$ cat my_file-v1.txt   # compact mmCIF, C-alpha atoms and all ligand atoms
# COMPACT_ATOMS: atom_id res chain seq x y z
CA GLN A 28 3.87 68.84 88.18
CA PRO A 29 3.42 65.76 85.96
CA ARG A 30 0.86 63.16 86.99
CA ILE A 31 -0.15 59.98 85.20
CA PHE A 32 -3.67 58.60 84.92
CA SER A 33 -5.24 55.80 82.94
CA GLY A 34 -8.15 53.40 83.16
CA ILE A 35 -9.61 50.21 81.78
CA GLN A 36 -13.25 49.14 81.61
CA PRO A 37 -14.18 46.04 83.61
CA SER A 38 -16.55 45.04 80.85
CA GLY A 39 -15.15 41.56 80.23
CA GLY A 40 -11.90 39.68 80.56
CA LEU A 41 -8.60 41.34 79.82
CA THR A 42 -7.14 40.74 76.37
CA LEU A 43 -3.61 40.60 75.07
CA GLY A 44 -4.38 44.00 73.47
CA ASN A 45 -5.13 45.52 76.87
CA TYR A 46 -1.96 43.99 78.25
CA LEU A 47 0.43 45.02 75.47
CA GLY A 48 -1.21 48.34 74.62
CA ALA A 49 -1.97 49.53 78.13
CA ILE A 50 -1.13 47.54 81.27
CA ARG A 51 2.48 46.87 80.36
CA ARG A 52 2.94 50.58 79.69
CA PHE A 53 1.26 51.41 83.01
CA VAL A 54 3.88 49.27 84.75
CA ASP A 55 6.72 50.95 82.83
CA MET A 56 5.43 54.38 83.77
CA GLN A 57 5.02 53.33 87.40
CA GLU A 58 8.63 52.17 87.50
CA GLU A 59 9.95 55.27 85.73
CA ASN A 60 8.12 57.62 88.04
CA ALA A 61 7.63 56.06 91.47
CA ASP A 62 10.86 57.34 92.99
CA ARG A 63 10.65 60.72 91.26
CA GLY A 64 7.62 61.67 93.33
CA ILE A 65 5.35 61.57 90.26
CA GLU A 66 2.04 59.90 91.03
CA THR A 67 0.59 57.15 88.83
CA LEU A 68 -3.14 56.47 89.15
CA TYR A 69 -4.78 53.47 87.49
CA CYS A 70 -8.51 53.05 87.64
CA MET A 71 -11.11 50.38 86.91
CA VAL A 72 -13.74 52.47 85.15
CA ASP A 73 -16.91 50.65 86.16
CA GLN A 74 -19.09 53.69 85.43
CA HIS A 75 -17.89 53.61 81.83
CA ALA A 76 -18.57 49.88 81.64
CA ILE A 77 -22.28 50.34 82.44
CA THR A 78 -22.80 52.62 79.44
CA VAL A 79 -23.69 49.29 77.85
CA TRP A 80 -25.55 46.58 79.77
CA GLN A 81 -23.47 44.69 82.34
CA ASP A 82 -24.76 41.81 84.37
CA PRO A 83 -24.29 43.01 87.99
CA ALA A 84 -22.55 39.87 89.27
CA ALA A 85 -20.29 39.83 86.22
CA LEU A 86 -19.42 43.51 86.72
CA THR A 87 -18.29 42.82 90.29
CA ARG A 88 -16.25 39.82 89.23
CA ASN A 89 -14.72 41.59 86.22
CA THR A 90 -13.75 44.57 88.35
CA ARG A 91 -11.90 42.36 90.82
CA GLU A 92 -10.35 40.39 87.99
CA LEU A 93 -9.13 43.60 86.37
CA ALA A 94 -7.58 44.68 89.66
CA ALA A 95 -5.96 41.25 89.94
CA GLY A 96 -4.65 41.66 86.38
CA TYR A 97 -3.14 45.06 87.21
CA ILE A 98 -1.39 43.66 90.26
CA ALA A 99 -0.31 40.39 88.64
CA ALA A 100 1.23 42.31 85.74
CA GLY A 101 3.32 44.39 88.11
CA LEU A 102 1.30 47.37 89.34
CA ASP A 103 2.16 47.81 92.97
CA PRO A 104 -0.41 49.38 95.33
CA ASN A 105 2.47 50.93 97.25
CA LYS A 106 3.78 52.68 94.15
CA SER A 107 0.57 53.40 92.22
CA ILE A 108 -2.93 54.36 93.28
CA LEU A 109 -5.25 51.54 92.16
CA PHE A 110 -8.96 52.13 92.62
CA ASN A 111 -12.46 51.83 91.34
CA GLN A 112 -14.03 54.82 89.59
CA SER A 113 -17.41 54.60 91.34
CA GLN A 114 -15.70 54.80 94.73
CA VAL A 115 -14.55 58.35 94.01
CA ALA A 116 -17.68 60.44 93.52
CA ALA A 117 -15.73 63.43 92.21
CA HIS A 118 -15.40 61.77 88.78
CA ALA A 119 -19.15 61.86 88.24
CA GLN A 120 -19.45 65.31 89.84
CA LEU A 121 -16.88 66.83 87.51
CA ALA A 122 -18.34 64.91 84.57
CA TRP A 123 -21.61 66.77 85.01
CA ILE A 124 -19.84 70.08 84.64
CA PHE A 125 -18.01 68.79 81.58
CA ASN A 126 -21.34 67.64 80.11
CA CYS A 127 -22.21 71.32 80.13
CA VAL A 128 -18.88 72.40 78.61
CA ALA A 129 -18.64 69.80 75.82
CA ARG A 130 -20.79 70.18 72.70
CA MET A 131 -23.11 67.58 71.16
CA GLY A 132 -21.19 67.83 67.89
CA TRP A 133 -17.95 66.85 69.57
CA MET A 134 -19.50 63.69 70.94
CA GLN A 135 -21.16 62.84 67.64
CA ARG A 136 -17.78 62.74 65.92
CA MET A 137 -16.34 60.10 68.27
CA THR A 138 -15.64 56.88 66.38
CA GLN A 139 -16.22 54.77 69.50
CA TRP A 140 -19.72 56.25 69.83
CA LYS A 141 -20.46 55.55 66.17
CA ASP A 142 -19.13 51.99 66.44
CA LYS A 143 -20.82 51.11 69.70
CA ALA A 144 -24.15 52.83 69.09
CA GLY A 145 -24.33 51.34 65.60
CA LYS A 146 -27.30 52.10 63.40
CA ASN A 147 -29.79 52.42 66.21
CA GLN A 148 -28.44 55.50 67.99
CA GLN A 149 -31.88 56.31 69.41
CA ASN A 150 -31.66 53.19 71.49
CA ALA A 151 -28.13 53.75 72.84
CA SER A 152 -27.83 54.91 76.44
CA LEU A 153 -27.36 58.60 77.14
CA GLY A 154 -24.29 57.55 79.14
CA LEU A 155 -22.70 56.01 76.05
CA PHE A 156 -23.04 59.35 74.28
CA ALA A 157 -21.61 61.32 77.21
CA TYR A 158 -18.87 58.72 77.79
CA PRO A 159 -15.97 61.00 76.71
CA ALA A 160 -16.97 63.76 79.16
CA LEU A 161 -16.71 61.28 82.03
CA MET A 162 -13.36 60.17 80.67
CA ALA A 163 -12.20 63.80 80.62
CA ALA A 164 -13.32 64.09 84.23
CA ASP A 165 -11.37 60.93 85.17
CA ILE A 166 -8.20 62.52 83.87
CA LEU A 167 -8.71 66.16 84.82
CA ILE A 168 -10.02 65.61 88.36
CA TYR A 169 -6.40 64.68 89.18
CA HIS A 170 -4.88 67.38 86.97
CA ALA A 171 -3.21 64.48 85.18
CA THR A 172 -0.77 65.48 82.45
CA HIS A 173 0.03 62.13 80.81
CA VAL A 174 -2.39 59.41 79.77
CA PRO A 175 -0.95 56.08 78.59
CA VAL A 176 -3.42 54.42 76.20
CA GLY A 177 -3.62 52.29 73.07
CA GLU A 178 -4.13 53.92 69.70
CA ASP A 179 -7.93 53.53 69.83
CA GLN A 180 -8.24 55.97 72.76
CA LYS A 181 -6.32 58.81 71.11
CA GLN A 182 -9.47 60.56 69.95
CA HIS A 183 -10.92 60.51 73.46
CA VAL A 184 -7.78 62.01 74.97
CA GLU A 185 -7.89 64.71 72.31
CA LEU A 186 -11.47 65.46 73.30
CA THR A 187 -10.27 65.73 76.90
CA ARG A 188 -7.81 68.36 75.72
CA ASP A 189 -10.62 70.25 73.98
CA ILE A 190 -12.72 70.17 77.15
CA ALA A 191 -9.82 71.45 79.29
CA ILE A 192 -9.14 74.25 76.82
CA LYS A 193 -12.81 75.26 76.53
CA PHE A 194 -13.33 75.22 80.29
CA ASN A 195 -10.26 77.39 80.84
CA HIS A 196 -11.37 79.73 78.06
CA ASP A 197 -15.05 79.98 79.08
CA PHE A 198 -14.19 80.86 82.67
CA GLY A 199 -11.06 82.87 81.90
CA VAL A 200 -8.81 80.70 84.04
CA ASP A 201 -5.68 78.66 83.59
CA PHE A 202 -6.88 75.81 85.77
CA PHE A 203 -7.00 72.48 83.97
CA PRO A 204 -3.78 71.21 82.38
CA VAL A 205 -4.04 70.06 78.75
CA PRO A 206 -3.04 66.38 78.99
CA GLU A 207 -0.96 64.41 76.51
CA PRO A 208 -1.83 60.93 75.28
CA VAL A 209 1.16 58.60 75.65
CA ILE A 210 0.85 56.06 72.84
CA GLU A 211 4.12 54.19 72.87
CA GLY A 212 5.56 50.73 72.66
CA ALA A 213 5.50 48.04 70.04
CA ALA A 214 1.81 47.17 70.29
CA THR A 215 -0.37 50.24 70.46
CA ARG A 216 -2.90 48.51 68.21
CA VAL A 217 -3.12 44.72 68.49
CA MET A 218 -5.47 43.34 65.84
CA SER A 219 -8.03 40.54 65.89
CA LEU A 220 -6.70 37.05 65.18
CA ARG A 221 -9.60 36.53 62.76
CA ASP A 222 -9.45 39.81 60.84
CA GLY A 223 -6.35 41.96 60.45
CA ALA A 224 -8.49 45.05 59.84
CA ARG A 225 -10.23 45.00 63.25
CA LYS A 226 -8.69 45.56 66.63
CA MET A 227 -8.54 42.79 69.19
CA SER A 228 -11.39 43.53 71.56
CA LYS A 229 -12.94 42.06 74.68
CA SER A 230 -16.35 42.67 73.15
CA ASP A 231 -15.71 40.77 69.90
CA PRO A 232 -18.44 38.11 69.63
CA SER A 233 -15.85 35.51 68.63
CA ASP A 234 -13.57 34.37 71.43
CA MET A 235 -11.22 33.01 68.75
CA ALA A 236 -10.47 36.60 67.73
CA ARG A 237 -8.63 37.39 70.94
CA ILE A 238 -6.21 36.01 73.49
CA ASN A 239 -7.56 36.50 77.00
CA MET A 240 -5.20 36.95 79.91
CA THR A 241 -6.92 34.01 81.56
CA ASP A 242 -6.60 31.61 78.59
CA ASP A 243 -4.65 28.45 79.35
CA ALA A 244 -1.78 27.16 77.23
CA ASP A 245 -4.06 24.93 75.12
CA ALA A 246 -6.48 27.75 74.36
CA ILE A 247 -3.63 30.10 73.39
CA ALA A 248 -2.04 27.48 71.14
CA SER A 249 -5.31 26.65 69.44
CA LYS A 250 -6.23 30.29 68.84
CA ILE A 251 -2.83 31.05 67.34
CA ARG A 252 -2.90 27.88 65.24
CA LYS A 253 -6.28 28.90 63.83
CA ALA A 254 -5.36 32.58 63.46
CA ARG A 255 -6.00 33.84 59.97
CA THR A 256 -2.88 34.24 57.82
CA ASP A 257 -1.92 34.24 54.17
CA PRO A 258 -0.12 31.36 52.41
CA ASP A 259 3.26 33.08 51.97
CA ALA A 260 6.39 32.66 54.05
CA LEU A 261 7.39 35.51 56.38
CA PRO A 262 9.44 38.28 54.75
CA SER A 263 12.88 39.19 56.01
CA GLU A 264 12.17 42.94 56.06
CA ALA A 265 9.36 44.99 57.59
CA GLU A 266 8.29 46.45 54.21
CA GLY A 267 7.27 42.94 53.21
CA LEU A 268 4.46 43.10 55.80
CA ALA A 269 2.91 46.30 54.47
CA GLU A 270 0.06 44.62 52.56
CA ARG A 271 -0.25 41.64 54.90
CA PRO A 272 -2.22 42.83 57.95
CA GLU A 273 -2.66 39.40 59.58
CA ALA A 274 1.01 38.48 59.17
CA ARG A 275 2.04 41.89 60.40
CA ASN A 276 -0.13 41.52 63.48
CA LEU A 277 1.36 38.17 64.49
CA VAL A 278 4.91 39.42 63.97
CA ASN A 279 4.06 42.54 65.91
CA ILE A 280 2.73 40.51 68.83
CA TYR A 281 5.87 38.39 68.77
CA ALA A 282 8.04 41.52 68.76
CA ALA A 283 6.11 43.12 71.61
CA LEU A 284 6.18 39.98 73.76
CA SER A 285 9.91 39.56 73.24
CA ASP A 286 10.73 43.28 73.63
CA ARG A 287 12.30 43.46 70.22
CA SER A 288 11.65 45.48 67.08
CA ILE A 289 9.84 44.01 64.08
CA ALA A 290 13.09 44.27 62.09
CA GLU A 291 14.98 42.25 64.69
CA VAL A 292 12.28 39.60 64.78
CA LEU A 293 12.26 39.31 60.99
CA THR A 294 16.00 38.65 60.87
CA GLU A 295 15.22 35.62 63.03
CA VAL A 296 12.00 34.39 61.44
CA GLY A 297 12.16 35.75 57.86
CA GLY A 298 11.70 32.92 55.36
CA LYS A 299 9.79 30.69 57.80
CA GLN A 300 6.31 29.39 57.03
CA PHE A 301 3.47 30.09 59.46
CA SER A 302 3.40 26.39 60.31
CA GLU A 303 6.80 26.95 61.91
CA PHE A 304 6.28 30.50 63.22
CA LYS A 305 2.93 29.95 64.92
CA PRO A 306 4.22 27.38 67.44
CA MET A 307 7.09 29.77 68.26
CA LEU A 308 4.57 32.52 68.91
CA SER A 309 2.36 30.27 71.06
CA GLU A 310 5.30 29.19 73.14
CA LEU A 311 6.38 32.78 73.72
CA ALA A 312 2.84 33.93 74.52
CA VAL A 313 2.33 31.12 77.03
CA ALA A 314 5.72 31.82 78.64
CA LYS A 315 4.86 35.50 79.09
CA LEU A 316 1.19 35.19 80.04
CA ALA A 317 1.07 32.06 82.19
CA PRO A 318 2.82 33.62 85.20
CA ILE A 319 0.43 36.57 85.07
CA SER A 320 -2.71 34.46 84.75
CA SER A 321 -1.70 32.10 87.54
CA GLU A 322 -1.00 35.08 89.80
CA MET A 323 -4.41 36.54 88.83
CA ALA A 324 -6.07 33.27 89.79
CA ARG A 325 -4.25 33.26 93.10
CA LEU A 326 -5.32 36.84 93.89
CA MET A 327 -8.93 36.04 92.94
CA GLU A 328 -9.03 33.50 95.77
CA THR A 329 -8.99 36.36 98.28
CA PRO A 330 -11.43 38.94 96.92
CA ASP A 331 -11.49 40.73 100.30
CA GLU A 332 -7.84 41.58 99.89
CA ILE A 333 -8.49 42.99 96.43
CA ASP A 334 -11.37 45.06 97.77
CA ALA A 335 -9.17 46.39 100.58
CA ILE A 336 -6.51 47.49 98.08
CA LEU A 337 -9.14 49.29 96.03
CA ARG A 338 -10.63 50.97 99.12
CA ASN A 339 -7.23 52.21 100.15
CA GLY A 340 -6.53 53.45 96.61
CA ALA A 341 -9.90 55.24 96.54
CA ASP A 342 -9.08 57.02 99.82
CA ARG A 343 -5.83 58.31 98.36
CA ALA A 344 -7.50 59.27 95.07
CA ARG A 345 -10.22 61.22 96.93
CA THR A 346 -7.57 63.26 98.72
CA ILE A 347 -6.17 64.44 95.39
CA ALA A 348 -9.56 64.96 93.77
CA ALA A 349 -11.28 66.91 96.56
CA PRO A 350 -9.42 70.25 96.24
CA VAL A 351 -9.71 70.14 92.43
CA LEU A 352 -13.48 69.69 92.63
CA LYS A 353 -13.77 72.42 95.26
CA LYS A 354 -11.84 74.87 93.12
CA THR A 355 -13.84 73.91 90.01
CA TYR A 356 -17.10 74.64 91.86
CA GLU A 357 -15.73 78.01 92.94
CA ILE A 358 -14.70 78.85 89.37
CA VAL A 359 -18.15 77.92 88.08
CA GLY A 360 -19.81 79.99 90.83
CA MET A 361 -21.39 77.24 92.87
CA ILE A 362 -21.99 77.97 96.56
CA GLY A 363 -21.03 75.52 99.24
CA ALA A 364 -18.06 73.83 97.70
P1 LIG B 1 -10.66 49.97 77.15
O1 LIG B 1 -11.19 49.43 78.41
O2 LIG B 1 -11.37 49.68 75.88
O3 LIG B 1 -9.17 49.53 76.94
C1 LIG B 1 -8.19 49.71 77.95
C2 LIG B 1 -6.85 50.06 77.35
O4 LIG B 1 -6.41 49.03 76.48
C3 LIG B 1 -6.08 49.58 75.21
N1 LIG B 1 -6.44 48.59 74.18
C4 LIG B 1 -5.60 48.19 73.22
N2 LIG B 1 -4.32 48.51 72.95
C5 LIG B 1 -3.74 47.90 71.89
N3 LIG B 1 -4.40 47.00 71.11
C6 LIG B 1 -5.69 46.66 71.35
N4 LIG B 1 -6.31 45.76 70.58
C7 LIG B 1 -6.34 47.27 72.45
N5 LIG B 1 -7.60 47.15 72.97
C8 LIG B 1 -7.63 47.98 74.02
C9 LIG B 1 -6.94 50.83 75.10
O5 LIG B 1 -6.42 51.74 74.16
C10 LIG B 1 -6.90 51.35 76.51
O6 LIG B 1 -5.71 52.09 76.72
N6 LIG B 1 -12.17 54.72 77.33
C11 LIG B 1 -11.18 53.79 77.83
C12 LIG B 1 -11.18 53.66 79.33
C13 LIG B 1 -11.01 54.94 80.06
C14 LIG B 1 -9.83 55.71 80.16
C15 LIG B 1 -10.16 56.81 80.99
C16 LIG B 1 -8.56 55.58 79.63
C17 LIG B 1 -11.96 55.58 80.79
N7 LIG B 1 -11.45 56.70 81.36
C18 LIG B 1 -9.22 57.79 81.30
C19 LIG B 1 -7.61 56.57 79.93
C20 LIG B 1 -7.96 57.67 80.76
C21 LIG B 1 -11.48 52.42 77.23
O7 LIG B 1 -12.57 52.14 76.82
O8 LIG B 1 -10.46 51.56 77.31

$ encode --input "my_file-v1.txt" --output "structure tokens" --more "lines below"
Ligand code: TYM
Amino acid sequence: QPRIFSGIQPSGGLTLGNYLGAIRRFVDMQEENADRGIETLYCMVDQHAITVWQDPAALTRNTRELAAGYIAAGLDPNKSILFNQSQVAAHAQLAWIFNCVARMGWMQRMTQWKDKAGKNQQNASLGLFAYPALMAADILIYHATHVPVGEDQKQHVELTRDIAIKFNHDFGVDFFPVPEPVIEGAATRVMSLRDGARKMSKSDPSDMARINMTDDADAIASKIRKARTDPDALPSEAEGLAERPEARNLVNIYAALSDRSIAEVLTEVGGKQFSEFKPMLSELAVAKLAPISSEMARLMETPDEIDAILRNGADRARTIAAPVLKKTYEIVGMIGA
């Protein structure tokens, strides 16, 4: 039985990368599956967020804002299960078991660990190192089979597959499914506006590098106007973008926002200078994002309602997780499951 799970860290505001690479796909998968009886679960992974320092008040606010972003973008609590990771204890309980299945070497190879821990690995939190085992638990506690993510999470989903396979092998069972990453859509890797070689990230020190879902029209226009580009006009065919990462990124964002292919967009804008293309992109971005950010702001006025939605989602998530944890404990030989 297919089941869909994904999550986002409430570690800062949502970016256009999160929206195009993940949330929009979550909504598509919700709509494709809701009336086929296939469950879609979307989580705010607050326990992942605290693998690096989070101000407590900011964590609470960012978690609610993420929930508001999910709902404003089209996730429907009646169709999908929306909840907060820390409200479902089974994630952390299964993660402990996976900490004992996964190998140190597997974790050491993770590019996110290497990037985030930087040179001073001795000073990184133990949780940051074990991060992928908790992510595997998020997915496998629901026996999820499909995981919509952006390109940067592919390695983590592959590690989840390795953990499922090793668990099944070590205990001689066929218990955990081996989940598939679903990396689809026009914008699986949205790049920084300041550097076409880095991904757009909520943790980039420069706010000019990203478009936040809560940016107003002026901020969006100014960030796009100042986005790094090269001096040439836009090409009329996709091959012309191969060596031009910044240009490719802007065209790609335009294509994703307008639900068209890069080739289609280039037939329209090929030959234009950036001075002409950038205002077109700003206008499109504002048109697509403004309704979502105003709905987010509206939802944020009633935090109790957001909390109630998350509580309800957590209740439903616990019902699915409980028998999986019980069976896992039995397989491992733990009494009292
Ligand atoms: P996070 O919070 O960094 O990002 C959330 C989602 O947004 C995607 N994304 C992007 N997509 C395209 N372009 C970008 N510039 C961009 N930046 C972010 C990410 O690929 C992701 O899909 N480890 C995960 C959270 C997580 C999770 C899980 C995901 C925890 N448990 C279980 C799936 C299943 C993370 O840090 O995502």

$ residues_near_ligand --input "my_file-v1.txt" --ligand "ligand LIG 1 (chain B)" --cutoff "8 Å" --atoms "all atoms listed in the file" --output "ChimeraX atom specification"
/A:32-38,42-50,70,72,75,158-159,161-163,165-166,174-181,183-184,214-219,226-229

$ closest_residue --input "my_file-v1.txt" --among "A:Val79, A:Val205, A:Met240, A:Val313" --to "Pro29 (chain A)" --atoms "all atoms listed in the file"
A:Val205

$ residues_around --input "my_file-v1.txt" --residues "Phe156 (chain A)" --least-positions-apart "3" --cutoff "8 Å" --atoms "all atoms listed in the file" --output "PyMOL selection string"
chain A and resi 134-135+140+151-153+159

$ closest_residue --input "my_file-v1.txt" --among "A:Gln112, A:Ser320, A:Thr241, A:Gln74" --to "Gly154 (chain A)" --atoms "all atoms listed in the file"
A:Gln74

$ residues_near_point --input "my_file-v1.txt" --point "(1.0, 36.9, 75.6)" --cutoff "10 Å" --atoms "all atoms listed in the file" --output "PyMOL selection string"
chain A and resi 42-44+46-47+238-240+242+247+280-281+283-285+308-317+319

$ closest_residue --input "my_file-v1.txt" --among "A:Pro83, A:Gly223, A:Gly40, A:Gly101" --to "Ala269 (chain A)" --atoms "only C-alpha atoms"
A:Gly223

$ residues_around --input "my_file-v1.txt" --residues "Ser288 (chain A)" --least-positions-apart "3" --cutoff "10 Å" --atoms "all atoms listed in the file" --output "PyMOL selection string"
chain A and resi 212-213+265+278-279+281-283+285+291-293

$ decode --input "my_file-v1.txt" --residues "region 303-334 of chain A" --atoms "N, CA and C atoms" --output "JSON list (two decimals), in the first residue's frame"
[["chain", "number", "residue", "atom", "x", "y", "z"],
["A", 303, "GLU", "N", 15.07, 43.60, -19.12],
["A", 303, "GLU", "CA", 13.67, 43.43, -19.51],
["A", 303, "GLU", "C", 13.07, 42.18, -18.85],
["A", 304, "PHE", "N", 13.90, 41.13, -18.73],
["A", 304, "PHE", "CA", 13.40, 39.86, -18.19],
["A", 304, "PHE", "C", 13.16, 39.93, -16.68],
["A", 305, "LYS", "N", 14.04, 40.62, -15.96],
["A", 305, "LYS", "CA", 13.91, 40.63, -14.50],
["A", 305, "LYS", "C", 12.57, 41.21, -14.02],
["A", 306, "PRO", "N", 12.11, 42.32, -14.58],
["A", 306, "PRO", "CA", 10.79, 42.81, -14.15],
["A", 306, "PRO", "C", 9.66, 41.82, -14.47],
["A", 307, "MET", "N", 9.81, 41.07, -15.57],
["A", 307, "MET", "CA", 8.79, 40.05, -15.89],
["A", 307, "MET", "C", 8.78, 38.98, -14.80],
["A", 308, "LEU", "N", 10.00, 38.60, -14.39],
["A", 308, "LEU", "CA", 10.11, 37.56, -13.37],
["A", 308, "LEU", "C", 9.55, 38.05, -12.03],
["A", 309, "SER", "N", 9.86, 39.31, -11.68],
["A", 309, "SER", "CA", 9.36, 39.85, -10.40],
["A", 309, "SER", "C", 7.84, 39.86, -10.40],
["A", 310, "GLU", "N", 7.28, 40.30, -11.52],
["A", 310, "GLU", "CA", 5.83, 40.40, -11.59],
["A", 310, "GLU", "C", 5.18, 39.02, -11.41],
["A", 311, "LEU", "N", 5.77, 38.04, -12.08],
["A", 311, "LEU", "CA", 5.23, 36.68, -11.98],
["A", 311, "LEU", "C", 5.38, 36.15, -10.55],
["A", 312, "ALA", "N", 6.56, 36.38, -9.95],
["A", 312, "ALA", "CA", 6.80, 35.86, -8.60],
["A", 312, "ALA", "C", 5.83, 36.50, -7.62],
["A", 313, "VAL", "N", 5.63, 37.80, -7.73],
["A", 313, "VAL", "CA", 4.70, 38.48, -6.82],
["A", 313, "VAL", "C", 3.29, 37.94, -7.03],
["A", 314, "ALA", "N", 2.90, 37.77, -8.30],
["A", 314, "ALA", "CA", 1.54, 37.27, -8.57],
["A", 314, "ALA", "C", 1.31, 35.90, -7.96],
["A", 315, "LYS", "N", 2.34, 35.05, -7.99],
["A", 315, "LYS", "CA", 2.18, 33.69, -7.47],
["A", 315, "LYS", "C", 2.31, 33.63, -5.95],
["A", 316, "LEU", "N", 3.21, 34.46, -5.40],
["A", 316, "LEU", "CA", 3.50, 34.32, -3.97],
["A", 316, "LEU", "C", 2.62, 35.18, -3.08],
["A", 317, "ALA", "N", 2.18, 36.34, -3.60],
["A", 317, "ALA", "CA", 1.42, 37.25, -2.73],
["A", 317, "ALA", "C", 0.17, 36.61, -2.13],
["A", 318, "PRO", "N", -0.62, 35.86, -2.92],
["A", 318, "PRO", "CA", -1.80, 35.25, -2.30],
["A", 318, "PRO", "C", -1.42, 34.27, -1.18],
["A", 319, "ILE", "N", -0.31, 33.57, -1.35],
["A", 319, "ILE", "CA", 0.10, 32.60, -0.33],
["A", 319, "ILE", "C", 0.56, 33.34, 0.92],
["A", 320, "SER", "N", 1.38, 34.40, 0.72],
["A", 320, "SER", "CA", 1.89, 35.06, 1.93],
["A", 320, "SER", "C", 0.79, 35.83, 2.65],
["A", 321, "SER", "N", -0.21, 36.35, 1.93],
["A", 321, "SER", "CA", -1.26, 37.04, 2.67],
["A", 321, "SER", "C", -2.12, 36.03, 3.42],
["A", 322, "GLU", "N", -2.33, 34.86, 2.84],
["A", 322, "GLU", "CA", -3.07, 33.82, 3.56],
["A", 322, "GLU", "C", -2.27, 33.33, 4.78],
["A", 323, "MET", "N", -0.95, 33.22, 4.63],
["A", 323, "MET", "CA", -0.12, 32.84, 5.79],
["A", 323, "MET", "C", -0.28, 33.85, 6.91],
["A", 324, "ALA", "N", -0.24, 35.13, 6.55],
["A", 324, "ALA", "CA", -0.36, 36.18, 7.57],
["A", 324, "ALA", "C", -1.72, 36.10, 8.26],
["A", 325, "ARG", "N", -2.74, 35.81, 7.48],
["A", 325, "ARG", "CA", -4.08, 35.70, 8.05],
["A", 325, "ARG", "C", -4.13, 34.52, 9.04],
["A", 326, "LEU", "N", -3.58, 33.39, 8.65],
["A", 326, "LEU", "CA", -3.60, 32.21, 9.52],
["A", 326, "LEU", "C", -2.80, 32.46, 10.80],
["A", 327, "MET", "N", -1.72, 33.23, 10.68],
["A", 327, "MET", "CA", -0.86, 33.49, 11.84],
["A", 327, "MET", "C", -1.56, 34.35, 12.89],
["A", 328, "GLU", "N", -2.67, 34.97, 12.50],
["A", 328, "GLU", "CA", -3.41, 35.77, 13.49],
["A", 328, "GLU", "C", -4.16, 34.88, 14.48],
["A", 329, "THR", "N", -4.37, 33.62, 14.13],
["A", 329, "THR", "CA", -5.06, 32.71, 15.05],
["A", 329, "THR", "C", -4.20, 31.48, 15.30],
["A", 330, "PRO", "N", -3.12, 31.67, 16.08],
["A", 330, "PRO", "CA", -2.20, 30.55, 16.32],
["A", 330, "PRO", "C", -2.89, 29.35, 16.99],
["A", 331, "ASP", "N", -3.94, 29.61, 17.78],
["A", 331, "ASP", "CA", -4.64, 28.49, 18.43],
["A", 331, "ASP", "C", -5.24, 27.54, 17.41],
["A", 332, "GLU", "N", -5.73, 28.13, 16.31],
["A", 332, "GLU", "CA", -6.31, 27.27, 15.28],
["A", 332, "GLU", "C", -5.24, 26.43, 14.60],
["A", 333, "ILE", "N", -4.07, 27.03, 14.40],
["A", 333, "ILE", "CA", -2.96, 26.26, 13.81],
["A", 333, "ILE", "C", -2.59, 25.11, 14.76],
["A", 334, "ASP", "N", -2.47, 25.44, 16.04],
["A", 334, "ASP", "CA", -2.08, 24.41, 17.02],
["A", 334, "ASP", "C", -3.11, 23.28, 17.04]]
